[in-house]
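*Asks:* If it helps, the file is called run.cif and holds mmCIF, C-alpha atoms:
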```cif
data_final
#
loop_
_atom_site.label_atom_id
_atom_site.label_comp_id
_atom_site.auth_asym_id
_atom_site.auth_seq_id
_atom_site.Cartn_x
_atom_site.Cartn_y
_atom_site.Cartn_z
CA MET A 1 40.99 -20.19 -41.09
CA SER A 2 41.81 -21.54 -37.64
CA PHE A 3 41.53 -25.28 -37.03
CA VAL A 4 40.27 -24.64 -33.49
CA LYS A 5 38.69 -21.34 -32.53
CA ILE A 6 37.30 -20.27 -29.17
CA GLU A 7 35.42 -16.97 -28.99
CA ASN A 8 34.58 -14.98 -25.86
CA LEU A 9 34.10 -18.09 -23.71
CA ASN A 10 32.61 -17.50 -20.25
CA ILE A 11 31.68 -20.01 -17.56
CA ASN A 12 31.46 -19.76 -13.78
CA LEU A 13 31.71 -22.96 -11.74
CA GLY A 14 32.21 -21.23 -8.40
CA GLU A 15 35.81 -21.92 -7.51
CA PHE A 16 36.80 -22.15 -11.18
CA LYS A 17 35.82 -19.93 -14.09
CA LEU A 18 36.65 -18.74 -17.58
CA GLU A 19 36.37 -15.06 -18.50
CA ASP A 20 36.28 -13.88 -22.11
CA VAL A 21 38.66 -16.59 -23.31
CA ASN A 22 39.70 -16.31 -26.96
CA LEU A 23 42.01 -18.79 -28.65
CA SER A 24 42.95 -19.66 -32.22
CA VAL A 25 44.90 -22.85 -32.97
CA GLU A 26 46.26 -23.90 -36.35
CA LYS A 27 46.11 -27.50 -37.57
CA GLY A 28 49.07 -29.52 -36.29
CA ASP A 29 50.05 -27.01 -33.60
CA TYR A 30 51.21 -28.25 -30.21
CA VAL A 31 49.86 -25.75 -27.64
CA THR A 32 50.87 -25.88 -23.99
CA ILE A 33 48.63 -24.17 -21.44
CA ILE A 34 50.27 -22.97 -18.24
CA GLY A 35 49.29 -20.88 -15.26
CA PRO A 36 48.93 -21.05 -11.48
CA THR A 37 46.69 -23.65 -9.83
CA GLY A 38 43.04 -22.64 -10.25
CA SER A 39 43.67 -20.52 -13.34
CA GLY A 40 41.09 -22.39 -15.45
CA LYS A 41 43.40 -24.53 -17.57
CA SER A 42 41.59 -27.84 -17.07
CA ILE A 43 38.16 -26.16 -17.24
CA LEU A 44 39.11 -24.78 -20.65
CA LEU A 45 39.87 -28.28 -21.94
CA GLU A 46 36.78 -29.83 -20.38
CA THR A 47 34.51 -27.08 -21.71
CA ALA A 48 35.96 -27.56 -25.20
CA LEU A 49 35.35 -31.30 -24.75
CA GLY A 50 31.70 -30.65 -23.95
CA PHE A 51 31.76 -31.63 -20.27
CA TYR A 52 30.52 -28.13 -19.38
CA THR A 53 28.23 -25.77 -21.27
CA PRO A 54 29.54 -22.20 -21.45
CA GLU A 55 27.29 -19.36 -20.34
CA THR A 56 28.39 -17.31 -23.35
CA GLY A 57 30.82 -17.80 -26.19
CA LYS A 58 31.38 -20.23 -29.04
CA ILE A 59 33.71 -23.12 -29.86
CA PHE A 60 34.58 -24.03 -33.45
CA LEU A 61 36.39 -27.03 -34.91
CA GLU A 62 37.29 -26.93 -38.60
CA GLU A 63 34.99 -23.88 -38.94
CA LYS A 64 32.02 -25.87 -37.59
CA GLU A 65 30.47 -24.72 -34.32
CA ILE A 66 30.57 -27.48 -31.69
CA THR A 67 29.57 -25.44 -28.62
CA ASN A 68 26.49 -27.56 -27.92
CA LEU A 69 27.58 -30.79 -29.61
CA ASN A 70 27.64 -33.95 -27.49
CA PRO A 71 31.17 -34.82 -26.26
CA GLU A 72 31.29 -38.16 -28.10
CA LYS A 73 30.62 -36.41 -31.41
CA ARG A 74 33.46 -33.90 -31.14
CA ASP A 75 36.25 -36.28 -32.20
CA ILE A 76 38.54 -35.20 -29.36
CA SER A 77 40.68 -37.49 -27.20
CA ILE A 78 41.88 -36.61 -23.71
CA ILE A 79 44.71 -38.05 -21.62
CA TYR A 80 44.79 -37.41 -17.89
CA GLN A 81 47.54 -37.66 -15.29
CA ASP A 82 46.07 -40.85 -13.80
CA TYR A 83 46.28 -42.84 -17.09
CA ALA A 84 42.63 -44.11 -16.86
CA LEU A 85 43.43 -47.53 -18.31
CA PHE A 86 40.90 -50.34 -17.88
CA PRO A 87 42.45 -52.58 -15.19
CA HIS A 88 40.80 -55.79 -16.43
CA MET A 89 42.15 -55.38 -19.97
CA THR A 90 45.61 -55.97 -21.40
CA VAL A 91 47.59 -53.13 -22.94
CA TYR A 92 46.56 -54.40 -26.38
CA GLU A 93 42.87 -54.45 -25.42
CA ASN A 94 43.07 -50.97 -23.89
CA ILE A 95 44.58 -49.49 -27.04
CA GLU A 96 42.20 -51.48 -29.24
CA TYR A 97 39.11 -50.30 -27.33
CA GLY A 98 38.40 -47.06 -29.20
CA LEU A 99 39.84 -48.22 -32.50
CA LYS A 100 37.33 -51.11 -32.75
CA LYS A 101 34.53 -48.57 -33.05
CA ARG A 102 36.19 -47.11 -36.15
CA LEU A 103 37.73 -50.17 -37.79
CA ASN A 104 36.18 -53.61 -38.39
CA ASP A 105 39.29 -55.16 -39.92
CA LYS A 106 41.17 -57.08 -37.18
CA LYS A 107 44.33 -57.26 -39.27
CA ALA A 108 44.32 -53.49 -39.84
CA ILE A 109 43.69 -52.92 -36.13
CA LYS A 110 46.64 -55.12 -35.20
CA GLU A 111 48.92 -53.33 -37.68
CA GLU A 112 47.90 -49.93 -36.29
CA ILE A 113 48.51 -51.06 -32.71
CA LEU A 114 51.90 -52.59 -33.51
CA GLN A 115 52.97 -49.45 -35.34
CA ILE A 116 52.14 -46.99 -32.56
CA THR A 117 53.31 -49.20 -29.69
CA LYS A 118 56.64 -49.78 -31.42
CA MET A 119 56.95 -46.02 -31.89
CA LEU A 120 56.30 -45.49 -28.16
CA GLY A 121 58.51 -48.38 -27.08
CA ILE A 122 55.79 -50.56 -25.51
CA ASP A 123 55.25 -53.19 -28.21
CA HIS A 124 56.71 -55.82 -25.85
CA LEU A 125 54.04 -55.06 -23.22
CA LEU A 126 50.89 -55.75 -25.23
CA ASN A 127 49.82 -58.81 -23.23
CA ARG A 128 50.43 -57.22 -19.83
CA LYS A 129 47.77 -55.81 -17.49
CA PRO A 130 48.08 -52.18 -16.27
CA GLU A 131 48.84 -53.27 -12.70
CA THR A 132 52.13 -54.81 -13.86
CA LEU A 133 53.35 -51.64 -15.61
CA SER A 134 55.45 -48.73 -14.41
CA GLY A 135 54.00 -45.22 -14.44
CA GLY A 136 55.86 -44.37 -17.63
CA GLU A 137 54.66 -47.53 -19.37
CA MET A 138 51.05 -46.87 -18.35
CA GLN A 139 51.24 -43.30 -19.64
CA ARG A 140 52.65 -44.46 -22.97
CA ALA A 141 49.80 -46.97 -23.26
CA SER A 142 47.35 -44.16 -22.49
CA ILE A 143 48.95 -41.94 -25.14
CA ALA A 144 48.80 -44.77 -27.68
CA ARG A 145 45.10 -45.27 -26.95
CA GLY A 146 44.45 -41.54 -27.40
CA LEU A 147 46.43 -41.17 -30.61
CA ILE A 148 45.50 -44.36 -32.42
CA ILE A 149 41.93 -43.26 -33.15
CA LYS A 150 43.43 -40.25 -34.96
CA PRO A 151 41.31 -37.61 -33.22
CA LYS A 152 41.01 -34.15 -34.67
CA ILE A 153 42.49 -32.85 -31.42
CA LEU A 154 44.31 -34.50 -28.53
CA PHE A 155 43.91 -32.90 -25.10
CA MET A 156 46.43 -33.76 -22.38
CA ASP A 157 45.88 -32.66 -18.78
CA GLU A 158 49.21 -32.79 -16.91
CA PRO A 159 50.01 -36.23 -18.38
CA PHE A 160 53.60 -36.40 -17.13
CA SER A 161 53.27 -34.83 -13.68
CA ALA A 162 53.36 -38.13 -11.75
CA LEU A 163 56.52 -39.35 -13.50
CA ASP A 164 60.14 -39.03 -12.42
CA VAL A 165 62.48 -36.65 -14.28
CA LYS A 166 64.26 -39.29 -16.39
CA THR A 167 61.00 -40.94 -17.43
CA LYS A 168 59.55 -37.54 -18.38
CA GLU A 169 62.55 -36.81 -20.59
CA LYS A 170 62.20 -40.15 -22.37
CA ILE A 171 58.44 -39.82 -22.85
CA ARG A 172 58.71 -36.28 -24.23
CA ILE A 173 61.00 -37.55 -27.00
CA LEU A 174 58.66 -40.45 -27.81
CA VAL A 175 55.54 -38.25 -27.72
CA LYS A 176 57.13 -35.65 -29.98
CA THR A 177 57.93 -38.35 -32.54
CA ALA A 178 54.43 -39.85 -32.38
CA ILE A 179 52.64 -36.49 -32.56
CA LYS A 180 54.69 -35.50 -35.60
CA LYS A 181 54.00 -38.85 -37.28
CA TYR A 182 50.24 -38.56 -36.76
CA GLY A 183 50.09 -34.80 -37.44
CA THR A 184 47.89 -34.36 -34.39
CA THR A 185 46.78 -30.99 -33.03
CA VAL A 186 47.46 -30.92 -29.28
CA LEU A 187 46.37 -28.82 -26.30
CA HIS A 188 48.48 -29.77 -23.29
CA VAL A 189 47.94 -28.44 -19.74
CA THR A 190 51.16 -28.44 -17.71
CA HIS A 191 53.05 -26.87 -14.82
CA ASP A 192 56.43 -28.00 -16.16
CA PHE A 193 58.35 -25.50 -18.28
CA GLU A 194 60.37 -28.39 -19.77
CA ASP A 195 57.18 -29.54 -21.53
CA ILE A 196 57.00 -26.12 -23.16
CA TRP A 197 60.59 -26.01 -24.39
CA SER A 198 60.60 -29.67 -25.48
CA LEU A 199 57.21 -29.89 -27.18
CA ALA A 200 55.34 -26.63 -27.73
CA ASP A 201 54.82 -24.58 -30.88
CA LYS A 202 52.68 -22.13 -28.88
CA VAL A 203 52.13 -21.40 -25.19
CA LEU A 204 49.01 -19.97 -23.54
CA ILE A 205 49.34 -18.20 -20.17
CA MET A 206 46.25 -18.19 -17.94
CA LYS A 207 45.41 -16.80 -14.52
CA GLY A 208 42.07 -16.38 -12.78
CA GLY A 209 40.19 -17.75 -15.77
CA ARG A 210 41.69 -15.22 -18.18
CA VAL A 211 44.18 -15.51 -21.01
CA TYR A 212 47.11 -13.14 -20.50
CA GLN A 213 49.34 -14.05 -23.42
CA TYR A 214 49.47 -16.46 -26.35
CA GLY A 215 52.43 -16.93 -28.66
CA THR A 216 55.54 -18.96 -29.33
CA PRO A 217 57.61 -19.91 -26.27
CA GLU A 218 60.31 -17.46 -27.41
CA GLU A 219 57.78 -14.61 -27.69
CA VAL A 220 56.16 -15.25 -24.33
CA PHE A 221 59.33 -15.85 -22.33
CA SER A 222 61.40 -13.11 -23.98
CA ASN A 223 58.65 -10.50 -24.36
CA PRO A 224 56.09 -10.94 -21.57
CA SER A 225 53.08 -8.72 -22.24
CA SER A 226 52.37 -7.95 -18.58
CA GLU A 227 53.85 -8.15 -15.12
CA ILE A 228 51.62 -11.17 -14.43
CA VAL A 229 53.18 -13.09 -17.33
CA ALA A 230 56.71 -11.95 -16.51
CA ASP A 231 56.32 -13.05 -12.92
CA PHE A 232 54.92 -16.45 -13.86
CA VAL A 233 57.60 -17.29 -16.42
CA GLY A 234 60.31 -16.54 -13.86
CA THR A 235 61.91 -13.42 -15.25
CA ASN A 236 63.48 -10.55 -13.32
CA ILE A 237 60.95 -7.71 -12.91
CA LEU A 238 62.37 -4.32 -11.96
CA ASP A 239 60.73 -0.95 -11.30
CA SER A 240 62.41 1.82 -13.24
CA LYS A 241 62.12 5.37 -14.53
CA VAL A 242 63.17 6.49 -18.01
CA GLU A 243 65.95 9.04 -17.52
CA GLU A 244 67.01 9.64 -21.09
CA ILE A 245 66.71 8.46 -24.68
CA SER A 246 70.03 8.17 -26.48
CA GLY A 247 69.57 7.18 -30.12
CA ASN A 248 67.69 3.90 -30.03
CA ILE A 249 68.45 3.19 -26.38
CA SER A 250 66.42 4.00 -23.26
CA ILE A 251 68.52 4.79 -20.20
CA LEU A 252 66.65 3.62 -17.13
CA ASP A 253 67.11 4.38 -13.46
CA VAL A 254 66.54 1.24 -11.36
CA SER A 255 66.95 2.22 -7.71
CA GLY A 256 70.00 4.30 -8.58
CA VAL A 257 71.46 1.78 -11.03
CA LYS A 258 71.57 2.76 -14.73
CA ILE A 259 70.30 0.05 -17.05
CA TYR A 260 70.17 0.29 -20.85
CA SER A 261 67.24 -1.06 -22.90
CA SER A 262 66.68 -1.23 -26.65
CA ASP A 263 62.95 -0.73 -26.00
CA ILE A 264 61.87 2.90 -26.21
CA ALA A 265 59.63 4.68 -23.71
CA LYS A 266 58.92 8.32 -22.83
CA VAL A 267 61.40 10.26 -20.73
CA GLY A 268 60.12 10.54 -17.18
CA GLU A 269 57.82 7.51 -17.56
CA ASN A 270 57.75 4.95 -14.76
CA VAL A 271 58.00 1.48 -16.30
CA LYS A 272 58.65 -2.10 -15.29
CA VAL A 273 61.37 -3.99 -17.10
CA SER A 274 61.90 -7.70 -17.62
CA ILE A 275 65.30 -9.42 -17.89
CA ARG A 276 65.45 -13.17 -18.50
CA PRO A 277 67.80 -14.94 -16.02
CA GLU A 278 69.36 -17.01 -18.80
CA ASN A 279 70.23 -13.82 -20.75
CA ILE A 280 72.55 -12.63 -17.99
CA ILE A 281 76.23 -13.62 -18.19
CA VAL A 282 78.46 -13.90 -15.14
CA ALA A 283 82.25 -14.05 -15.24
CA LEU A 284 85.19 -13.72 -12.88
CA LYS A 285 86.30 -10.58 -14.73
CA CYS A 286 84.53 -8.25 -17.14
CA PHE A 287 85.55 -8.42 -20.81
CA ASP A 288 84.77 -6.61 -24.05
CA SER A 289 81.50 -7.77 -25.58
CA SER A 290 78.30 -6.48 -27.17
CA ALA A 291 76.66 -6.32 -23.73
CA LYS A 292 75.88 -2.68 -22.90
CA ASN A 293 74.96 -3.45 -19.30
CA VAL A 294 78.08 -4.33 -17.28
CA PHE A 295 78.18 -4.38 -13.47
CA ASN A 296 80.07 -5.72 -10.52
CA GLY A 297 77.81 -7.98 -8.47
CA LYS A 298 77.94 -10.00 -5.29
CA VAL A 299 76.40 -13.47 -4.97
CA THR A 300 73.83 -13.41 -2.16
CA GLU A 301 72.07 -16.75 -2.74
CA ILE A 302 72.62 -20.05 -4.54
CA LYS A 303 69.79 -22.53 -5.21
CA LYS A 304 70.23 -25.79 -7.12
CA ARG A 305 67.11 -26.88 -9.00
CA GLY A 306 67.32 -29.93 -11.24
CA HIS A 307 69.84 -29.41 -14.03
CA LEU A 308 70.28 -25.69 -13.36
CA VAL A 309 71.47 -23.37 -10.61
CA TRP A 310 69.73 -20.12 -9.67
CA LEU A 311 71.94 -17.33 -8.38
CA THR A 312 70.85 -14.08 -6.78
CA LEU A 313 73.32 -11.24 -7.34
CA ASP A 314 73.31 -7.79 -5.79
CA ILE A 315 74.30 -5.03 -8.23
CA GLY A 316 74.33 -1.73 -6.35
CA GLY A 317 71.33 -2.66 -4.24
CA VAL A 318 69.34 -4.27 -7.08
CA ASP A 319 68.78 -8.05 -6.92
CA LEU A 320 69.03 -10.06 -10.14
CA LYS A 321 68.21 -13.74 -10.63
CA VAL A 322 70.70 -15.50 -12.89
CA LEU A 323 70.69 -19.04 -14.33
CA VAL A 324 73.93 -20.99 -14.65
CA THR A 325 74.81 -24.64 -15.18
CA PRO A 326 76.37 -26.78 -12.43
CA ASN A 327 79.54 -26.88 -14.59
CA SER A 328 79.72 -23.08 -14.59
CA LEU A 329 79.13 -23.00 -10.84
CA GLU A 330 82.10 -25.31 -10.34
CA ALA A 331 84.39 -23.74 -12.96
CA LEU A 332 83.89 -20.21 -11.60
CA GLU A 333 84.03 -21.49 -8.01
CA ILE A 334 80.86 -19.54 -7.28
CA GLU A 335 79.89 -19.27 -3.63
CA GLU A 336 77.93 -16.81 -1.52
CA ASN A 337 79.57 -13.36 -1.11
CA LYS A 338 81.79 -13.93 -4.16
CA ASN A 339 82.16 -10.92 -6.49
CA LEU A 340 81.43 -11.53 -10.17
CA CYS A 341 81.09 -9.47 -13.32
CA VAL A 342 77.45 -9.30 -14.46
CA MET A 343 76.67 -8.55 -18.13
CA PHE A 344 73.57 -8.46 -20.32
CA LYS A 345 72.60 -6.85 -23.62
CA ALA A 346 70.26 -3.88 -24.00
CA THR A 347 68.12 -6.08 -26.27
CA GLY A 348 67.56 -8.39 -23.29
CA VAL A 349 65.95 -5.62 -21.23
CA LYS A 350 62.25 -5.58 -22.14
CA ILE A 351 59.91 -2.80 -21.09
CA ILE A 352 56.56 -4.19 -19.92
CA ARG A 353 53.62 -2.02 -20.92
#
```
Can the structure in the file be given as structure tokens, please?
*Replies:*
Amino acid sequence: MSFVKIENLNINLGEFKLEDVNLSVEKGDYVTIIGPTGSGKSILLETALGFYTPETGKIFLEEKEITNLNPEKRDISIIYQDYALFPHMTVYENIEYGLKKRLNDKKAIKEEILQITKMLGIDHLLNRKPETLSGGEMQRASIARGLIIKPKILFMDEPFSALDVKTKEKIRILVKTAIKKYGTTVLHVTHDFEDIWSLADKVLIMKGGRVYQYGTPEEVFSNPSSEIVADFVGTNILDSKVEEISGNISILDVSGVKIYSSDIAKVGENVKVSIRPENIIVALKCFDSSAKNVFNGKVTEIKKRGHLVWLTLDIGGVDLKVLVTPNSLEALEIEENKNLCVMFKATGVKIIR
């Protein structure tokens, strides 16, 4: 049975809503929830916490219905973006706050606090007040406070969004270690795909209060179930028509360009296809490989974003987004209007149904 189960959840708060939300989470899973602003991600967490009462639907925790249970009785912790530490308390006192309600043994409390703060790299900050801490230090203190009471579930609502890139990278590593140590089940709302790849066992895609796909990051990003999901996860979406089936390959017409897919559809059917940018290889010259799709392309746009570079290439009038590293950009001397060989496998061309 599922550790957390949400059935047909509906709530309308005017600007925000949930429509027929269903979710099943196994014990120990780390689930990231992503979607555009206003898609209902935070409302889902806060309804599961008991801050809102759903109009219809049920919420279960360990097979026990908690839909109408008071928030304080649900044994769920939540960590927000703004840390929510008590300003008049030290780091030690903040972390100790919830634990004191569960443990009466001061020695045991101290041992628990020292263990988790050492794990998160803030054991040297225990006597400091929040106002003297950096954003990353405050967030680690907040995470320690949420984890130390060993909740059945930990909710995190964009906990890293206010932090700089390097601090985020460091905290993700520390959080992953701590979550694994405590065996905590996590639901984490985020806009940052790095959180998904670094932390998640499962990813939930939401838009307009609805769930559009739920699965492992590899499943969702490689096999988007709809155009909405494909568009959100940043894949190439192309309109095509099935021209022919040859063995186990569909031959597609994309604006006059033939593209091969290992997904099968009916001849004559109009379909949309998804091609992940990172599954496309670019080279100065074409070479023999297992890639069935091989084209000459021209670079029409270059955008540097963080550790990666997004290229737009024109292949016979069809635009493709491609991801490369800064090292590849430099080694291939890529610039606008440069001609490159573009290659990708038929297995990387997914038909969206």
*Asks:* Name the residues captured by the PyMOL selection byres ((chain A and resi 233) around 10) when it is applied to the shown file; answer as a PyMOL selection string.
*Replies:* chain A and resi 34-35+193+205+220-222+224+227-232+234-236+276
*Asks:* In Å, rounded to a single decimal, give me how far atom CA of A:Asn12 is from atom CA of A:Ile43.
*Replies:* 9.9 Å
*Asks:* Leaving out stretch 142-145 of chain A and any residue of its chain fewer than 4 positions from it, which residues lie within 7 Å of it when counting only C-alpha atoms, given as a ChimeraX atom specification?
*Replies:* /A:79,83,85,94-95,116-117,138
*Asks:* Using the chain letters and numbering of this document, enumerate as a list in words the residues selected by the PyMOL selection byres ((chain A and resi 131) around 10).
*Replies:* Leu85, Phe86, Pro87, His88, Thr90, Arg128, Lys129, Pro130, Thr132, Leu133, Ser134, Gly135 and Met138 of chain A
*Asks:* I'd like the interatomic distance between atom CA of A:Gly28 and atom CA of A:Met156, to a tenth of an Å.
*Replies:*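 Separation between atom CA of A:Gly28 and atom CA of A:Met156: 14.8 Å.
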*Asks:* Could you tell me how far atom CA of A:Gly146 sits from atom CA of A:Leu9, in Å to one decimal place?
*Replies:*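 Value for the atom CA of A:Leu9-atom CA of A:Gly146 distance: 25.9 Å.
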*Asks:* As a check of understanding, name the residues that the PyMOL selection byres ((chain A and resi 7) around 10) selects in the supplied structure, as JSON, numbers by chain.
*Replies:* {"A": [5, 6, 8, 9, 10, 20, 21, 22, 23, 24, 56, 57, 58, 59, 60]}
*Asks:* Compare A:Pro217, A:Gly208, A:Gly317, A:Gly306 by their minimum atom-to-atom distance to A:Leu238, counting all atoms listed in the file, and give me the closest one.
*Replies:*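 Among A:Pro217, A:Gly208, A:Gly317, A:Gly306, it is A:Gly317 that comes nearest to A:Leu238.
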*Asks:* Taking 5 positions as the minimum chain separation for residues in the same chain, which residues sit within 10 Å of A:Leu163 when counting all atoms listed in the file? Answer as a VMD selection string.
*Replies:* chain A and resid 81 134 to 136 139 168 to 169 171
*Asks:* Point out the residue among A:Val324, A:Val254, A:Leu99, A:Leu332 with the least atom-to-atom distance to A:Arg305, counting only C-alpha atoms.
*Replies:*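 So, comparing all the options, the nearest one is A:Val324.
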*Asks:* Compile the contact shell of A:Ile173 as an mmCIF file with C-alpha atoms, in the frame of the given file: residues with an atom at most 12 Å away, counting only C-alpha atoms, same-chain residues fewer than 2 positions apart removed.
*Replies:*
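Resulting contents of selection.cif:
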```cif
data_model
loop_
_atom_site.group_PDB
_atom_site.id
_atom_site.type_symbol
_atom_site.label_atom_id
_atom_site.label_comp_id
_atom_site.auth_asym_id
_atom_site.auth_seq_id
_atom_site.Cartn_x
_atom_site.Cartn_y
_atom_site.Cartn_z
ATOM 1 C CA MET A 119 56.950 -46.020 -31.890
ATOM 2 C CA LEU A 120 56.300 -45.490 -28.160
ATOM 3 C CA GLY A 121 58.510 -48.380 -27.080
ATOM 4 C CA ARG A 140 52.650 -44.460 -22.970
ATOM 5 C CA LYS A 166 64.260 -39.290 -16.390
ATOM 6 C CA THR A 167 61.000 -40.940 -17.430
ATOM 7 C CA LYS A 168 59.550 -37.540 -18.380
ATOM 8 C CA GLU A 169 62.550 -36.810 -20.590
ATOM 9 C CA LYS A 170 62.200 -40.150 -22.370
ATOM 10 C CA ILE A 171 58.440 -39.820 -22.850
ATOM 11 C CA VAL A 175 55.540 -38.250 -27.720
ATOM 12 C CA LYS A 176 57.130 -35.650 -29.980
ATOM 13 C CA THR A 177 57.930 -38.350 -32.540
ATOM 14 C CA ALA A 178 54.430 -39.850 -32.380
ATOM 15 C CA ILE A 179 52.640 -36.490 -32.560
ATOM 16 C CA LYS A 180 54.690 -35.500 -35.600
ATOM 17 C CA GLU A 194 60.370 -28.390 -19.770
ATOM 18 C CA ASP A 195 57.180 -29.540 -21.530
ATOM 19 C CA TRP A 197 60.590 -26.010 -24.390
ATOM 20 C CA SER A 198 60.600 -29.670 -25.480
ATOM 21 C CA LEU A 199 57.210 -29.890 -27.180
#
```
*Asks:* Between A:Leu18, A:Met343, A:Val273, A:Val242, single out the one closest to A:Ser290, counting only C-alpha atoms.
*Replies:*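 Of A:Leu18, A:Met343, A:Val273, A:Val242, the one nearest A:Ser290, counting only C-alpha atoms, is A:Met343.
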*Asks:* Would you compute the box with edges along x, y and z of the file around stretch 146-162 of chain A, including every atom the file lists for it and 8 Å extra on each side, and give its centre and edge lengths in Å to one decimal, as AutoDock Vina command-line options?
*Replies:*
```
--center_x 47.3 --center_y -38.5 --center_z -23.4 --size_x 28.6 --size_y 27.7 --size_z 39.2
```
